[in-house]
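**Student:** Provided below: my_file30.pdb, containing PDB, C-alpha atoms.
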```
ATOM      1  CA  GLN K   1      29.108  39.263  68.093  1.00  0.00           C
ATOM      2  CA  VAL K   2      29.602  41.340  64.979  1.00  0.00           C
ATOM      3  CA  GLN K   3      33.197  42.072  64.007  1.00  0.00           C
ATOM      4  CA  LEU K   4      34.503  44.297  61.244  1.00  0.00           C
ATOM      5  CA  GLN K   5      37.833  44.046  59.441  1.00  0.00           C
ATOM      6  CA  GLU K   6      39.032  46.665  56.986  1.00  0.00           C
ATOM      7  CA  SER K   7      41.456  45.800  54.210  1.00  0.00           C
ATOM      8  CA  GLY K   8      43.062  47.512  51.274  1.00  0.00           C
ATOM      9  CA  PRO K   9      46.280  49.082  50.037  1.00  0.00           C
ATOM     10  CA  GLY K  10      48.200  51.146  52.533  1.00  0.00           C
ATOM     11  CA  LEU K  11      49.624  53.396  49.828  1.00  0.00           C
ATOM     12  CA  VAL K  12      47.747  55.107  47.015  1.00  0.00           C
ATOM     13  CA  LYS K  13      49.166  57.504  44.434  1.00  0.00           C
ATOM     14  CA  PRO K  14      47.743  61.010  44.070  1.00  0.00           C
ATOM     15  CA  SER K  15      44.863  61.277  41.580  1.00  0.00           C
ATOM     16  CA  GLU K  16      44.166  57.541  41.818  1.00  0.00           C
ATOM     17  CA  THR K  17      41.203  55.816  43.484  1.00  0.00           C
ATOM     18  CA  LEU K  18      41.342  54.571  47.053  1.00  0.00           C
ATOM     19  CA  SER K  19      39.447  51.294  47.457  1.00  0.00           C
ATOM     20  CA  LEU K  20      38.795  49.669  50.820  1.00  0.00           C
ATOM     21  CA  THR K  21      36.796  46.630  51.861  1.00  0.00           C
ATOM     22  CA  CYS K  22      35.180  45.875  55.190  1.00  0.00           C
ATOM     23  CA  THR K  23      34.493  42.215  55.895  1.00  0.00           C
ATOM     24  CA  VAL K  24      31.661  41.716  58.367  1.00  0.00           C
ATOM     25  CA  SER K  25      31.521  38.584  60.505  1.00  0.00           C
ATOM     26  CA  GLY K  26      28.918  37.521  63.046  1.00  0.00           C
ATOM     27  CA  GLY K  27      25.858  38.765  61.201  1.00  0.00           C
ATOM     28  CA  PRO K  28      24.411  39.562  57.777  1.00  0.00           C
ATOM     29  CA  ILE K  29      25.057  42.973  56.319  1.00  0.00           C
ATOM     30  CA  ASN K  30      21.577  43.453  54.926  1.00  0.00           C
ATOM     31  CA  ARG K  31      19.989  44.335  58.262  1.00  0.00           C
ATOM     32  CA  ASN K  32      22.078  47.317  59.230  1.00  0.00           C
ATOM     33  CA  TYR K  33      23.404  50.645  58.062  1.00  0.00           C
ATOM     34  CA  TRP K  34      27.148  50.778  57.539  1.00  0.00           C
ATOM     35  CA  SER K  35      29.377  53.823  57.637  1.00  0.00           C
ATOM     36  CA  TRP K  36      32.936  54.784  56.909  1.00  0.00           C
ATOM     37  CA  ILE K  37      34.684  57.216  59.238  1.00  0.00           C
ATOM     38  CA  ARG K  38      38.172  58.597  58.785  1.00  0.00           C
ATOM     39  CA  GLN K  39      40.702  60.343  60.959  1.00  0.00           C
ATOM     40  CA  VAL K  40      43.407  62.465  59.389  1.00  0.00           C
ATOM     41  CA  PRO K  41      46.606  62.341  61.472  1.00  0.00           C
ATOM     42  CA  GLY K  42      46.380  64.795  64.338  1.00  0.00           C
ATOM     43  CA  LYS K  43      42.778  65.671  63.511  1.00  0.00           C
ATOM     44  CA  GLY K  44      39.342  64.586  64.658  1.00  0.00           C
ATOM     45  CA  LEU K  45      36.832  62.097  63.292  1.00  0.00           C
ATOM     46  CA  GLU K  46      35.054  62.668  59.976  1.00  0.00           C
ATOM     47  CA  TRP K  47      31.940  60.900  58.725  1.00  0.00           C
ATOM     48  CA  ILE K  48      32.297  59.864  55.085  1.00  0.00           C
ATOM     49  CA  GLY K  49      28.869  58.362  54.486  1.00  0.00           C
ATOM     50  CA  TYR K  50      26.577  55.414  55.036  1.00  0.00           C
ATOM     51  CA  ILE K  51      24.952  52.685  53.004  1.00  0.00           C
ATOM     52  CA  PHE K  52      21.960  50.472  53.756  1.00  0.00           C
ATOM     53  CA  THR K  53      21.008  48.936  50.448  1.00  0.00           C
ATOM     54  CA  PHE K  54      22.241  49.564  46.949  1.00  0.00           C
ATOM     55  CA  ALA K  55      19.559  52.205  46.629  1.00  0.00           C
ATOM     56  CA  SER K  56      20.108  53.823  49.991  1.00  0.00           C
ATOM     57  CA  ALA K  57      23.441  55.557  50.425  1.00  0.00           C
ATOM     58  CA  LYS K  58      24.208  58.987  51.745  1.00  0.00           C
ATOM     59  CA  TYR K  59      27.523  60.778  51.617  1.00  0.00           C
ATOM     60  CA  SER K  60      29.158  63.753  53.240  1.00  0.00           C
ATOM     61  CA  PRO K  61      28.646  66.800  51.010  1.00  0.00           C
ATOM     62  CA  SER K  62      32.358  67.541  51.234  1.00  0.00           C
ATOM     63  CA  LEU K  63      33.192  64.168  49.632  1.00  0.00           C
ATOM     64  CA  GLU K  64      30.030  63.361  47.689  1.00  0.00           C
ATOM     65  CA  SER K  65      31.512  64.011  44.268  1.00  0.00           C
ATOM     66  CA  ARG K  66      34.329  61.501  44.845  1.00  0.00           C
ATOM     67  CA  VAL K  67      32.939  58.759  47.083  1.00  0.00           C
ATOM     68  CA  ARG K  68      30.918  55.620  46.471  1.00  0.00           C
ATOM     69  CA  MET K  69      29.953  52.818  48.846  1.00  0.00           C
ATOM     70  CA  SER K  70      28.635  49.410  47.941  1.00  0.00           C
ATOM     71  CA  LEU K  71      27.528  46.136  49.501  1.00  0.00           C
ATOM     72  CA  ASP K  72      28.330  42.540  48.526  1.00  0.00           C
ATOM     73  CA  GLY K  73      25.874  40.274  50.290  1.00  0.00           C
ATOM     74  CA  SER K  74      27.503  37.105  48.992  1.00  0.00           C
ATOM     75  CA  LYS K  75      30.785  38.031  50.660  1.00  0.00           C
ATOM     76  CA  ASN K  76      29.259  40.020  53.546  1.00  0.00           C
ATOM     77  CA  GLN K  77      31.399  42.986  52.633  1.00  0.00           C
ATOM     78  CA  VAL K  78      31.026  46.746  52.569  1.00  0.00           C
ATOM     79  CA  SER K  79      33.243  48.684  50.184  1.00  0.00           C
ATOM     80  CA  LEU K  80      34.463  52.259  49.966  1.00  0.00           C
ATOM     81  CA  SER K  81      35.772  53.952  46.859  1.00  0.00           C
ATOM     82  CA  LEU K  82      37.269  57.447  46.946  1.00  0.00           C
ATOM     83  CA  ALA K  83      38.384  58.895  43.639  1.00  0.00           C
ATOM     84  CA  SER K  84      41.011  61.499  42.750  1.00  0.00           C
ATOM     85  CA  VAL K  85      42.784  61.292  46.081  1.00  0.00           C
ATOM     86  CA  THR K  86      45.256  63.855  47.339  1.00  0.00           C
ATOM     87  CA  ALA K  87      47.550  64.007  50.334  1.00  0.00           C
ATOM     88  CA  ALA K  88      44.599  65.416  52.288  1.00  0.00           C
ATOM     89  CA  ASP K  89      42.973  61.984  52.072  1.00  0.00           C
ATOM     90  CA  THR K  90      45.817  60.389  54.050  1.00  0.00           C
ATOM     91  CA  ALA K  91      44.025  59.015  57.095  1.00  0.00           C
ATOM     92  CA  THR K  92      42.998  56.023  59.122  1.00  0.00           C
ATOM     93  CA  TYR K  93      39.740  54.689  57.710  1.00  0.00           C
ATOM     94  CA  TYR K  94      37.240  52.900  59.945  1.00  0.00           C
ATOM     95  CA  CYS K  95      34.326  50.717  58.964  1.00  0.00           C
ATOM     96  CA  VAL K  96      31.440  51.192  61.389  1.00  0.00           C
ATOM     97  CA  ARG K  97      28.039  49.638  62.037  1.00  0.00           C
ATOM     98  CA  LEU K  98      25.239  52.054  62.812  1.00  0.00           C
ATOM     99  CA  GLY K  99      22.890  51.170  65.621  1.00  0.00           C
ATOM    100  CA  ALA K 100      19.137  51.683  65.644  1.00  0.00           C
ATOM    101  CA  GLY K 101      19.443  55.441  66.047  1.00  0.00           C
ATOM    102  CA  HIS K 102      22.473  55.705  63.784  1.00  0.00           C
ATOM    103  CA  TYR K 103      24.927  55.923  66.642  1.00  0.00           C
ATOM    104  CA  MET K 104      28.155  54.035  65.845  1.00  0.00           C
ATOM    105  CA  ASP K 105      28.090  50.910  67.936  1.00  0.00           C
ATOM    106  CA  VAL K 106      30.631  48.588  66.298  1.00  0.00           C
ATOM    107  CA  TRP K 107      33.966  49.721  64.865  1.00  0.00           C
ATOM    108  CA  GLY K 108      36.608  47.963  62.859  1.00  0.00           C
ATOM    109  CA  LYS K 109      40.220  48.333  63.954  1.00  0.00           C
ATOM    110  CA  GLY K 110      40.876  50.755  61.116  1.00  0.00           C
ATOM    111  CA  THR K 111      43.294  50.778  58.231  1.00  0.00           C
ATOM    112  CA  THR K 112      45.818  53.482  57.503  1.00  0.00           C
ATOM    113  CA  VAL K 113      46.029  54.814  53.970  1.00  0.00           C
ATOM    114  CA  THR K 114      48.795  57.127  52.813  1.00  0.00           C
ATOM    115  CA  VAL K 115      48.465  59.104  49.612  1.00  0.00           C
ATOM    116  CA  ALA K 116      51.920  59.673  48.153  1.00  0.00           C
ATOM    117  CA  SER K 117      53.799  59.172  44.929  1.00  0.00           C
TER     118      SER K 117
ATOM    119  CA  ASP H   1      25.772  71.100  59.173  1.00  0.00           C
ATOM    120  CA  ILE H   2      25.427  70.707  62.924  1.00  0.00           C
ATOM    121  CA  VAL H   3      28.517  71.973  64.731  1.00  0.00           C
ATOM    122  CA  LEU H   4      29.499  70.399  68.036  1.00  0.00           C
ATOM    123  CA  THR H   5      31.879  72.319  70.275  1.00  0.00           C
ATOM    124  CA  GLN H   6      33.515  70.505  73.151  1.00  0.00           C
ATOM    125  CA  SER H   7      35.082  72.075  76.202  1.00  0.00           C
ATOM    126  CA  PRO H   8      37.699  71.946  77.420  1.00  0.00           C
ATOM    127  CA  ASP H   9      40.082  70.844  74.647  1.00  0.00           C
ATOM    128  CA  SER H  10      42.185  69.066  77.243  1.00  0.00           C
ATOM    129  CA  LEU H  11      41.747  68.127  80.855  1.00  0.00           C
ATOM    130  CA  ALA H  12      44.285  66.960  83.398  1.00  0.00           C
ATOM    131  CA  VAL H  13      42.974  65.391  86.597  1.00  0.00           C
ATOM    132  CA  SER H  14      44.370  63.310  89.433  1.00  0.00           C
ATOM    133  CA  LEU H  15      43.431  59.692  89.922  1.00  0.00           C
ATOM    134  CA  GLY H  16      40.109  59.437  91.702  1.00  0.00           C
ATOM    135  CA  GLU H  17      39.029  62.946  90.779  1.00  0.00           C
ATOM    136  CA  ARG H  18      35.881  63.857  88.890  1.00  0.00           C
ATOM    137  CA  ALA H  19      36.132  64.888  85.248  1.00  0.00           C
ATOM    138  CA  THR H  20      33.446  66.599  83.196  1.00  0.00           C
ATOM    139  CA  ILE H  21      33.501  67.186  79.444  1.00  0.00           C
ATOM    140  CA  ASN H  22      30.949  69.443  77.809  1.00  0.00           C
ATOM    141  CA  CYS H  23      29.498  69.370  74.317  1.00  0.00           C
ATOM    142  CA  LYS H  24      27.411  72.189  72.862  1.00  0.00           C
ATOM    143  CA  SER H  25      25.428  71.712  69.670  1.00  0.00           C
ATOM    144  CA  SER H  26      24.582  74.432  67.162  1.00  0.00           C
ATOM    145  CA  GLN H  27      21.123  72.864  66.780  1.00  0.00           C
ATOM    146  CA  ASN H  28      18.604  71.168  68.999  1.00  0.00           C
ATOM    147  CA  LEU H  29      19.251  67.407  68.987  1.00  0.00           C
ATOM    148  CA  VAL H  30      15.884  66.385  70.420  1.00  0.00           C
ATOM    149  CA  TYR H  31      13.393  64.704  68.114  1.00  0.00           C
ATOM    150  CA  SER H  32       9.864  65.762  69.075  1.00  0.00           C
ATOM    151  CA  SER H  33       8.470  62.447  67.789  1.00  0.00           C
ATOM    152  CA  ASN H  34      10.254  60.366  70.432  1.00  0.00           C
ATOM    153  CA  ASN H  35      11.736  62.944  72.814  1.00  0.00           C
ATOM    154  CA  LYS H  36      15.192  61.414  72.371  1.00  0.00           C
ATOM    155  CA  ASN H  37      18.443  63.354  72.195  1.00  0.00           C
ATOM    156  CA  TYR H  38      20.517  62.169  69.235  1.00  0.00           C
ATOM    157  CA  LEU H  39      23.900  62.620  70.879  1.00  0.00           C
ATOM    158  CA  ALA H  40      26.560  59.951  71.417  1.00  0.00           C
ATOM    159  CA  TRP H  41      29.871  59.849  73.274  1.00  0.00           C
ATOM    160  CA  TYR H  42      32.961  57.870  72.285  1.00  0.00           C
ATOM    161  CA  GLN H  43      36.244  57.050  73.986  1.00  0.00           C
ATOM    162  CA  HIS H  44      39.273  56.864  71.716  1.00  0.00           C
ATOM    163  CA  LYS H  45      42.422  55.352  73.155  1.00  0.00           C
ATOM    164  CA  ALA H  46      45.728  55.468  71.309  1.00  0.00           C
ATOM    165  CA  GLY H  47      46.116  52.600  68.850  1.00  0.00           C
ATOM    166  CA  GLN H  48      42.500  51.471  69.193  1.00  0.00           C
ATOM    167  CA  PRO H  49      39.286  52.301  67.376  1.00  0.00           C
ATOM    168  CA  PRO H  50      36.826  54.623  69.101  1.00  0.00           C
ATOM    169  CA  LYS H  51      34.450  52.927  71.522  1.00  0.00           C
ATOM    170  CA  LEU H  52      30.818  53.868  71.997  1.00  0.00           C
ATOM    171  CA  LEU H  53      30.091  54.951  75.572  1.00  0.00           C
ATOM    172  CA  PHE H  54      26.630  56.536  75.398  1.00  0.00           C
ATOM    173  CA  TYR H  55      23.862  57.089  72.876  1.00  0.00           C
ATOM    174  CA  TRP H  56      20.586  58.970  73.181  1.00  0.00           C
ATOM    175  CA  ALA H  57      22.793  61.252  75.359  1.00  0.00           C
ATOM    176  CA  SER H  58      22.501  59.135  78.478  1.00  0.00           C
ATOM    177  CA  THR H  59      21.987  55.466  77.542  1.00  0.00           C
ATOM    178  CA  ARG H  60      25.092  53.603  78.610  1.00  0.00           C
ATOM    179  CA  GLU H  61      26.446  51.048  76.155  1.00  0.00           C
ATOM    180  CA  SER H  62      26.800  47.548  77.530  1.00  0.00           C
ATOM    181  CA  GLY H  63      30.059  47.028  79.425  1.00  0.00           C
ATOM    182  CA  VAL H  64      30.769  50.699  80.104  1.00  0.00           C
ATOM    183  CA  PRO H  65      31.698  51.209  83.774  1.00  0.00           C
ATOM    184  CA  ASP H  66      29.117  53.063  85.825  1.00  0.00           C
ATOM    185  CA  ARG H  67      31.661  55.717  86.833  1.00  0.00           C
ATOM    186  CA  PHE H  68      30.846  57.139  83.400  1.00  0.00           C
ATOM    187  CA  SER H  69      27.611  59.075  82.975  1.00  0.00           C
ATOM    188  CA  GLY H  70      26.064  61.057  80.159  1.00  0.00           C
ATOM    189  CA  SER H  71      23.593  63.876  80.604  1.00  0.00           C
ATOM    190  CA  GLY H  72      22.026  66.861  78.943  1.00  0.00           C
ATOM    191  CA  SER H  73      19.292  67.742  76.506  1.00  0.00           C
ATOM    192  CA  GLY H  74      18.612  69.974  73.556  1.00  0.00           C
ATOM    193  CA  THR H  75      21.897  71.697  72.792  1.00  0.00           C
ATOM    194  CA  ASP H  76      23.982  71.160  75.947  1.00  0.00           C
ATOM    195  CA  PHE H  77      25.424  67.828  76.972  1.00  0.00           C
ATOM    196  CA  SER H  78      28.024  66.485  79.393  1.00  0.00           C
ATOM    197  CA  LEU H  79      30.097  63.374  79.924  1.00  0.00           C
ATOM    198  CA  THR H  80      31.197  62.850  83.521  1.00  0.00           C
ATOM    199  CA  ILE H  81      33.670  60.401  84.979  1.00  0.00           C
ATOM    200  CA  SER H  82      32.999  60.287  88.713  1.00  0.00           C
ATOM    201  CA  SER H  83      36.398  58.884  89.735  1.00  0.00           C
ATOM    202  CA  VAL H  84      39.012  58.902  86.998  1.00  0.00           C
ATOM    203  CA  GLN H  85      41.117  55.778  86.611  1.00  0.00           C
ATOM    204  CA  ALA H  86      44.418  55.381  84.783  1.00  0.00           C
ATOM    205  CA  GLU H  87      42.712  53.425  82.002  1.00  0.00           C
ATOM    206  CA  ASP H  88      40.436  56.380  81.246  1.00  0.00           C
ATOM    207  CA  VAL H  89      43.256  58.288  79.534  1.00  0.00           C
ATOM    208  CA  ALA H  90      41.891  58.887  76.042  1.00  0.00           C
ATOM    209  CA  ILE H  91      40.367  61.435  73.726  1.00  0.00           C
ATOM    210  CA  TYR H  92      36.615  61.744  74.159  1.00  0.00           C
ATOM    211  CA  TYR H  93      34.319  62.774  71.320  1.00  0.00           C
ATOM    212  CA  CYS H  94      30.679  63.715  71.198  1.00  0.00           C
ATOM    213  CA  GLN H  95      28.780  63.014  67.986  1.00  0.00           C
ATOM    214  CA  GLN H  96      25.336  63.945  66.764  1.00  0.00           C
ATOM    215  CA  HIS H  97      23.357  61.166  65.087  1.00  0.00           C
ATOM    216  CA  SER H  98      20.394  63.412  64.420  1.00  0.00           C
ATOM    217  CA  SER H  99      20.951  64.437  60.814  1.00  0.00           C
ATOM    218  CA  THR H 100      23.477  63.962  58.056  1.00  0.00           C
ATOM    219  CA  PRO H 101      26.228  64.819  57.698  1.00  0.00           C
ATOM    220  CA  TYR H 102      26.837  63.218  61.078  1.00  0.00           C
ATOM    221  CA  THR H 103      29.393  65.340  62.879  1.00  0.00           C
ATOM    222  CA  PHE H 104      31.768  65.019  65.803  1.00  0.00           C
ATOM    223  CA  GLY H 105      33.079  67.454  68.345  1.00  0.00           C
ATOM    224  CA  GLN H 106      36.755  68.312  68.072  1.00  0.00           C
ATOM    225  CA  GLY H 107      37.631  65.990  70.938  1.00  0.00           C
ATOM    226  CA  THR H 108      38.748  66.426  74.544  1.00  0.00           C
ATOM    227  CA  LYS H 109      42.019  64.887  75.656  1.00  0.00           C
ATOM    228  CA  LEU H 110      41.905  63.475  79.163  1.00  0.00           C
ATOM    229  CA  GLU H 111      45.227  63.113  80.967  1.00  0.00           C
ATOM    230  CA  ILE H 112      46.239  62.071  84.430  1.00  0.00           C
TER     231      ILE H 112
END
```
Before we go any further, please render this structure as structure tokens.

**Tutor:**
Amino acid sequence: QVQLQESGPGLVKPSETLSLTCTVSGGPINRNYWSWIRQVPGKGLEWIGYIFTFASAKYSPSLESRVRMSLDGSKNQVSLSLASVTAADTATYYCVRLGAGHYMDVWGKGTTVTVAS
Amino acid sequence: DIVLTQSPDSLAVSLGERATINCKSSQNLVYSSNNKNYLAWYQHKAGQPPKLLFYWASTRESGVPDRFSGSGSGTDFSLTISSVQAEDVAIYYCQQHSSTPYTFGQGTKLEI
């Protein structure tokens, strides 16, 4: 059974880069699409993007200029990088596996990131 | 972007009652190549990650109780709980997995 565990700093300063890692257990990462979803406090769910291989990533247009995702097959990890953060990026970030039709079938527990000085 | 609008925003029902949540899409979510509706439903309980309930609009994810059902096609979809239980208190989201950017409805809060 595939399990996902997000990790990273809980506090990031404004204008810096938010970096999160998702460690995947129970299966190799190179057979699936992986997404990051976030939820701003009191708001709904927002798709950040997905990655399949190093050459196949797609990002939300609203974040595309600041976001990058990557894969590390040796560590079975998916990473998220979000540059030039502001308080509006304060959210709970979820790592998600996409199923065959790109529905979100496995979710990590989420990690909360606060952007503040 | 595809906009999903859920109704109602919140719903209060008694234990054992039927609850229906609607989701309307700004675009047709059916792919002509496979006749599948690219619409999913999630249950989000406080302090937990969202949980997939249905995909392809009506395909129940393994382990989801059969009191839950998903229906609809094209632009109009519904999630129904035939007999609400206390553990069903959550926010429910629809999501289109048809085209990027993948988008969610605003959520419907179910209360007892």

**Student:** Show me, as a JSON list (two decimals) with C-alpha atoms, in the frame of the given file, the residues that have an atom within 10 Å of region 11-19 of chain H when counting only C-alpha atoms, minus same-chain residues fewer than 3 positions from it.

**Tutor:**
```json
[["chain", "number", "residue", "atom", "x", "y", "z"],
["H", 7, "SER", "CA", 35.08, 72.08, 76.20],
["H", 8, "PRO", "CA", 37.70, 71.95, 77.42],
["H", 67, "ARG", "CA", 31.66, 55.72, 86.83],
["H", 68, "PHE", "CA", 30.85, 57.14, 83.40],
["H", 79, "LEU", "CA", 30.10, 63.37, 79.92],
["H", 80, "THR", "CA", 31.20, 62.85, 83.52],
["H", 81, "ILE", "CA", 33.67, 60.40, 84.98],
["H", 82, "SER", "CA", 33.00, 60.29, 88.71],
["H", 83, "SER", "CA", 36.40, 58.88, 89.74],
["H", 84, "VAL", "CA", 39.01, 58.90, 87.00],
["H", 85, "GLN", "CA", 41.12, 55.78, 86.61],
["H", 86, "ALA", "CA", 44.42, 55.38, 84.78],
["H", 88, "ASP", "CA", 40.44, 56.38, 81.25],
["H", 89, "VAL", "CA", 43.26, 58.29, 79.53],
["H", 91, "ILE", "CA", 40.37, 61.44, 73.73],
["H", 108, "THR", "CA", 38.75, 66.43, 74.54],
["H", 109, "LYS", "CA", 42.02, 64.89, 75.66],
["H", 110, "LEU", "CA", 41.90, 63.48, 79.16],
["H", 111, "GLU", "CA", 45.23, 63.11, 80.97],
["H", 112, "ILE", "CA", 46.24, 62.07, 84.43]]
```

**Student:** For a quick test of understanding: name the residues of chain H lying within 7 Å of chain K when counting all atoms listed in the file, and present them as a list in words.

**Tutor:** Ala40, Gln48, Pro49, Leu52, Tyr55, His97, Pro101, Tyr102, Thr103, Phe104, Gln106 and Gly107 of chain H

**Student:** Do you know which residues are at most 10 Å from Ala57 (chain K) counting only C-alpha atoms, after dropping those on the same chain fewer than 2 positions away, and could you put them as a PDB file with C-alpha atoms, in the frame of the given file?

**Tutor:**
```pdb
ATOM      1  CA  TYR K  33      23.404  50.645  58.062  1.00  0.00           C
ATOM      2  CA  TRP K  34      27.148  50.778  57.539  1.00  0.00           C
ATOM      3  CA  SER K  35      29.377  53.823  57.637  1.00  0.00           C
ATOM      4  CA  GLY K  49      28.869  58.362  54.486  1.00  0.00           C
ATOM      5  CA  TYR K  50      26.577  55.414  55.036  1.00  0.00           C
ATOM      6  CA  ILE K  51      24.952  52.685  53.004  1.00  0.00           C
ATOM      7  CA  PHE K  52      21.960  50.472  53.756  1.00  0.00           C
ATOM      8  CA  THR K  53      21.008  48.936  50.448  1.00  0.00           C
ATOM      9  CA  PHE K  54      22.241  49.564  46.949  1.00  0.00           C
ATOM     10  CA  ALA K  55      19.559  52.205  46.629  1.00  0.00           C
ATOM     11  CA  TYR K  59      27.523  60.778  51.617  1.00  0.00           C
ATOM     12  CA  ARG K  68      30.918  55.620  46.471  1.00  0.00           C
ATOM     13  CA  MET K  69      29.953  52.818  48.846  1.00  0.00           C
ATOM     14  CA  SER K  70      28.635  49.410  47.941  1.00  0.00           C
TER      15      SER K  70
END
```

**Student:** Return as a ChimeraX atom specification the set of residues that the PyMOL selection byres ((chain H and resi 60) around 12) yields on the displayed structure.

**Tutor:** /K:105 /H:39-42,51-59,61-71,79

**Student:** Could you please take those selected residues and save C-alpha atoms as a PDB file, keeping the file's coordinate frame?

**Tutor:**
```pdb
ATOM      1  CA  ASP K 105      28.090  50.910  67.936  1.00  0.00           C
TER       2      ASP K 105
ATOM      3  CA  LEU H  39      23.900  62.620  70.879  1.00  0.00           C
ATOM      4  CA  ALA H  40      26.560  59.951  71.417  1.00  0.00           C
ATOM      5  CA  TRP H  41      29.871  59.849  73.274  1.00  0.00           C
ATOM      6  CA  TYR H  42      32.961  57.870  72.285  1.00  0.00           C
ATOM      7  CA  LYS H  51      34.450  52.927  71.522  1.00  0.00           C
ATOM      8  CA  LEU H  52      30.818  53.868  71.997  1.00  0.00           C
ATOM      9  CA  LEU H  53      30.091  54.951  75.572  1.00  0.00           C
ATOM     10  CA  PHE H  54      26.630  56.536  75.398  1.00  0.00           C
ATOM     11  CA  TYR H  55      23.862  57.089  72.876  1.00  0.00           C
ATOM     12  CA  TRP H  56      20.586  58.970  73.181  1.00  0.00           C
ATOM     13  CA  ALA H  57      22.793  61.252  75.359  1.00  0.00           C
ATOM     14  CA  SER H  58      22.501  59.135  78.478  1.00  0.00           C
ATOM     15  CA  THR H  59      21.987  55.466  77.542  1.00  0.00           C
ATOM     16  CA  GLU H  61      26.446  51.048  76.155  1.00  0.00           C
ATOM     17  CA  SER H  62      26.800  47.548  77.530  1.00  0.00           C
ATOM     18  CA  GLY H  63      30.059  47.028  79.425  1.00  0.00           C
ATOM     19  CA  VAL H  64      30.769  50.699  80.104  1.00  0.00           C
ATOM     20  CA  PRO H  65      31.698  51.209  83.774  1.00  0.00           C
ATOM     21  CA  ASP H  66      29.117  53.063  85.825  1.00  0.00           C
ATOM     22  CA  ARG H  67      31.661  55.717  86.833  1.00  0.00           C
ATOM     23  CA  PHE H  68      30.846  57.139  83.400  1.00  0.00           C
ATOM     24  CA  SER H  69      27.611  59.075  82.975  1.00  0.00           C
ATOM     25  CA  GLY H  70      26.064  61.057  80.159  1.00  0.00           C
ATOM     26  CA  SER H  71      23.593  63.876  80.604  1.00  0.00           C
ATOM     27  CA  LEU H  79      30.097  63.374  79.924  1.00  0.00           C
TER      28      LEU H  79
END
```

**Student:** Within 6 Å of region 2-5 of chain K, counting only C-alpha atoms, which residues show up once you throw out same-chain ones fewer than 6 positions away? Write them as a list in words, please.

**Tutor:**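 Surrounding residues, per the criterion: Cys22, Thr23, Val24, Ser25, Gly26, Gly27 and Gly108 of chain K.
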
**Student:** If you measure from CA of Ile21 (chain H) to CA of Asp89 (chain K), what distance in Å do you get, rounded to one decimal?

**Tutor:**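 CA of Asp89 (chain K) lies at a distance of 29.4 Å from CA of Ile21 (chain H).
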
**Student:** What residues come out when you apply the PyMOL selection byres ((chain H and resi 29) around 6) to this file, written as a ChimeraX atom specification?

**Tutor:** /H:28,30,37-38,74

**Student:** Which residue out of K:Ser117, K:Thr90, K:Thr112, K:Thr21 has the minimum interatomic distance to Glu6 (chain K) when all atoms listed in the file are used?

**Tutor:**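 Among the listed residues, the smallest separation from Glu6 (chain K) belongs to K:Thr21.
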
**Student:** Care to translate the PyMOL selection byres ((chain H and resi 27) around 9) into actual residues of this file, as an MDAnalysis selection string?

**Tutor:** chainID H and resid 2:4 24:26 28:29 74:75

**Student:** CA of Leu11 (chain K) and CA of Val115 (chain K) are how many Å apart?

**Tutor:**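 Taking CA of Leu11 (chain K) as the start and CA of Val115 (chain K) as the end point, the length is 5.8 Å.
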
**Student:** In Å, with one decimal, what is the gap from CA of Asn35 (chain H) to CA of Asp1 (chain H)?

**Tutor:**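 Computing the Euclidean distance for CA of Asn35 (chain H) and CA of Asp1 (chain H) yields 21.2 Å.
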